[in-house]
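Notes follow once the structure below has been shown.
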Amino acid sequence: MQLLIEAIGFGIASGAVIALGAVGFSVQFGMSNVLNITYGALMTLGAYIGLFLIDRGISPWAALAIAGVVVGAASVAFNRGLLAPLVRRGTRAFAIVIVTVSAGVVLQYVIVVFAGPDAKSYGEQSGQTFHLLGMVLTASEVTIVVLAAALMLGLHLLLTRTTLGRAMRATASNRILAQSCGIATDRISDIAWMLSGMLCGAAGVALAITTVSFDFSLGAVFLIPMIAAAVLGGIGQPYGAMVGGLVVGVASELAAAFTNPAYREVVAFGILIVMLLVRPHGLFGAAWATRRLMA
Amino acid sequence: MGAWEYYLVVLLVYLGTDLLAAWGLNLEFGVTGVANLGYIVTIAAGAYAYVICTLGSPASAGGFQEYVGGFGLPFPVALAAGIVAGSVVGVLIGVTGLKRLRQDYQAIAMLVVSLMAATVVTADTPFLNGNAGLVILPQFAPLSDQDPEVQRWVYVGIVAAVCVLGYLVLRRFTTGPIGRTLRAVRDDEYAAAAIGKDIVVLRLVVQAAGGALGGASGALLVAFIGGWSPGAWAYVETLALLTAVIVGGMGNDRGVSVGTFLIAILILQGVQFLNDVPALKAIEGLLNRPALTQDLGWIVLGTLTILFIWFRPQGILPERRPKYGGIRG
Amino acid sequence: MGSSSGPILEVRDLVKHYGGVRAVDGISFAVERGTITGLIGPNGAGKSTALNVIAGFLPPDGGRVLLDGEDVTGQPMHRLARQGVVRTFQMARVFGGLTTIENLLVAAPAQLGETATGLIGGKRLWGGQESELIERAKEMLTAFGMRDKADEQARNLSGGQKRAVETMRALMARPKLLLLDEPMAGLSPSLSKQLEDLFLELTHDGLSMLLVEHSLDTVERLCTKVVVMAQGKVLAEGRMSELRTRREVQDAYVIG
């Protein structure tokens, strides 16, 4: 029983990080309809920017914010410079996936060239631990859970309560129609890639804070759980992605606790494959999402 | 055998096995349009199947490595087993694309299969000795009474023979009515279904054939290098083969062969020689980064893929279609 | 059932939803053997959706589709195609990497070169059939005035040419029932006229067609019967000359 509760505690902590990344992935995919595998490497970039800053005495939370902004900018540049032009030229979906996989590999190994292949760490996290219903969470884990929840709420309010949010949703569901309604879809899409990149960078730093050590494969390892969470929750559904993140996080930790720790990721792999085969529009997916999958 | 002659043998075996793999991937990706990002698993399946067929039982070998099977079979049978294993695994990977998923979803599903297979094989040591991998002892010797130099050249001959055979099989699929049908599936699967083509069956047949080529590649490679472990089949290895296909020319068998030569031999082997460049050696020493050249290799491959998709998506030798004479009568 | 006297296609109470929208809302009609039935209606009436469901491209949410009296509801496209139901698409779909003539050849049914024996036996086995197909494809290209485009890659063709390729490809598949989604769109007037003649000729040989078309003049010339759809429902059915004068048909077109 104790093992179960502890595993759930770990699951919520890692689920919060997965959810951060998954929501960003979901926003981006919903906007561009491009399955961007480079997202994982951008997350790694965030973690290494965080490392660079923390090594220079900046606090982890400031580093998280700065890394978010830098990765957000990188994400916009990546879309503007590479993906959007390819999509405009009518490059086939599978070729674009290969471009994003390749770009991810390039970015990952550029990071290796500059930062080296060995494991890194943000250093010992001081601060107390919290005991909650038998779960043990460190102060930084609690902060990340709270931060993730706050960011989700903020994104939700942005999407539902503001003109910008409505324009984003309109652009995501039908770009041509949105354009004819006078929405500057290119700018809206930039904003979506910025937001998604910020969440991606923040997730990278958050992940590095909660793990003992990390290396250049950080984002590649976490990419599949994030996509699994995003697909589980329904692409383009921030709330869904958040729930998906928690489900994937908890399920992974339970599998790690009760079977082989190495099978932690296999759970996410399994969830993703089953979802893609059975219900690609997600548990909470909207009907329009199904239509896009037919294209 | 001099160092250079030995190196030549190594290169030829690598080229042969890479060709088989790239042809298989081209059949799946370039001709049929299935972006199989898990293709390396068929190669791994061929290699592992070869190893467990050729080794004796784990106990008989002293128990220093764990694995299922251990049948002590001769080379041709173990090679056949590798081909069958690659084919079966190819179909299993293909099943993830059975549903009419978008092509990019298919690609991701297949990538996930690749990651999952690597995780399971690494974690489950009793299955295929986990992360440490398997070693073949004693190594395969085609003619037991000859000296090693002759043995190696005989092996190059065996690889060449399998390549010729593999190419003939490949051409059966990529030319004629079936090659035309597969390309139609690639170009527009819905239009292909509308004229009665069973997309799922066609894709699975192609997965079986492409997987068989991958299996042959893996089995021939492992028989030569004498060992196989999860490190040899990370998912990025598929990317190297994809680069060869894209650079050479998707859907063009000769183009892909050229691409394989350029990528597998000129670039990946060329990158190894950077180790001998004194300046780079100095940088490596300075940065304490012994694997720097390999990292650069991946950067070069990824960049090449992107550049080709951007500037020349048809590759060095574009796909060519037969002419039936348009103007005359 | 399965009689050769009844209609070739019968649609009964067919329903298809998109989210909350009933794109096709319980339509019924029949296509008689050896005739062309027109399916007309304003934009968004559900014509293309109906065609997509009949062709097996989309699964129906209700109702039945009978081919030669046999229930084929919800069968996938390729199975229907093998039973002789071949469709074209609203946006012409060609195999861009293949040449024009290959786009035709690929559609021929029962090709030996696609079978396991053909793969093993090689050209000796399928070569003869292939040369016959090439002759047939060349004749068809000539009839459509596209003989000189035979070896052109289909992706380089103009919009109208692509549409013509799609129609030729459908005919190469030797259908019993053709489902055509605006085959005349983008075609030159002279080619449209030729195509109309060809369609009428083909019905004399026993081919049946369901034709979604915007040009009411074309529909009037070709179709023995016309089904008018509006807002997912069948509004009227009859001869075009009668329908033109009917009030509800005029209203549907005006209101849209």
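Chains: A, B, ... in order of the structure tokens. Residues: from 1 per chain. Ligands: from 1, in order shown.
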
**Message:** Taking the DSSP secondary structure from the backbone, can you list the residues of region 96-277 of chain B that are alpha helix (DSSP H), as a ChimeraX atom specification?
**Reply:** /B:103-123,125-128,148-174,176-187,189-194,199-225,236-248,253-260,268-273

**Item:** Near-region 294-311 of chain B list (8 Å; only C-alpha atoms; drop same-chain fewer than 4 positions) as a list in words
**Value:**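 Counting only the stated atoms, we get Leu86, Ala95, Val99, Ser102, Ala103, Val105, Val106, Leu107, Tyr109, Val110, Val112 and Val113 of chain A; Leu239, Ala240, Thr243, Ile246, Val247, Ile263, Ile267, Leu268, Val271, Gln272 and Gly315 of chain B.
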
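For Leu202 (chain B), the non-local neighbours within 9 Å, defined as residues at least 4 positions apart in the same chain or in other chains and counting only C-alpha atoms, are B:Thr32, B:Thr181, B:Leu182, B:Val185, B:Lys197, B:Asp198, B:Val206, B:Gln207.
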
**Request:** Tell me, in Å to one decimal, how far CA of Val34 (chain A) is from CA of Val97 (chain A).
**Result:**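 Spanning CA of Val34 (chain A) to CA of Val97 (chain A) is a straight-line distance of 7.7 Å.
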
**Prompt:** Distance CA of Ala44 (chain B)-CA of Leu128 (chain B), one decimal place?
**Reply:**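 CA of Leu128 (chain B) lies 11.2 Å from CA of Ala44 (chain B).
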
**Message:** Could you list, as an MDAnalysis selection string, every residue within 12 Å of region 13-15 of chain C, counting only C-alpha atoms and ignoring same-chain residues fewer than 5 positions away?
**Reply:** chainID C and resid 21:30 46:47 49:54 58:66 73:74 232:234

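Here the DSSP assignment of strand (DSSP E), based on backbone atoms, applies within region 15-263 of chain B to B:Leu134, B:Val135, B:Gly227, B:Trp228.
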
With C-alpha atoms retained, export the selected residues as a compact mmCIF listing (two decimals), in the first residue's frame.
```txt
# COMPACT_ATOMS: atom_id res chain seq x y z
CA LEU B 134 25.40 -11.35 -27.37
CA VAL B 135 28.75 -12.54 -28.66
CA GLY B 227 28.33 -9.63 -31.68
CA TRP B 228 25.12 -7.69 -31.33
```

As a compact mmCIF listing (two decimals) with C-alpha atoms, in the first residue's frame, please: the residues near region 131-140 of chain A (cut-off 8 Å, only C-alpha atoms, same-chain neighbours under 3 positions excluded).
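Everything below was put into around_30.txt:
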```txt
# COMPACT_ATOMS: atom_id res chain seq x y z
CA GLN A 2 2.80 2.38 0.95
CA ILE A 5 0.90 5.70 -2.58
CA GLU A 6 4.54 6.62 -3.07
CA ILE A 8 1.26 7.80 -7.16
CA GLY A 9 3.16 10.68 -5.55
CA PHE A 10 6.07 10.27 -7.98
CA ALA A 13 5.24 14.99 -9.86
CA GLN A 125 18.05 20.68 -4.27
CA GLY A 127 14.55 22.54 1.00
CA GLN A 128 12.17 20.48 3.01
CA THR A 143 6.39 23.98 -6.69
CA ILE A 144 6.39 22.39 -10.13
CA ILE A 209 15.17 20.21 -11.53
CA THR A 210 13.28 17.09 -10.48
```

**Among the residues B:Leu55, B:Ile195, B:Ala78, B:Val34, the one that comes closest to Met172 (chain C) [using only C-alpha atoms]** =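 Closest to Met172 (chain C) of all the choices is B:Ile195.
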
**Request:** Compute the set of chain C residues within 12 Å of chain A, using only C-alpha atoms, and express it as a list of chain:residue names.
**Result:** C:His17, C:Tyr18, C:Gly19, C:Gly20, C:Val21, C:Phe57, C:Leu58

**Request:** Pull out every residue of chain C sitting within 9 Å of chain B, counting only C-alpha atoms, and send them as a ChimeraX atom specification.
**Result:** /C:55-57,76-89,93-99,101-103,105-109,111-115,118-120,122-123,126,130,134,138,146-153,169-170,173

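The space between CA of Asp118 (chain A) and CA of Asp215 (chain A) spans 6.3 Å.
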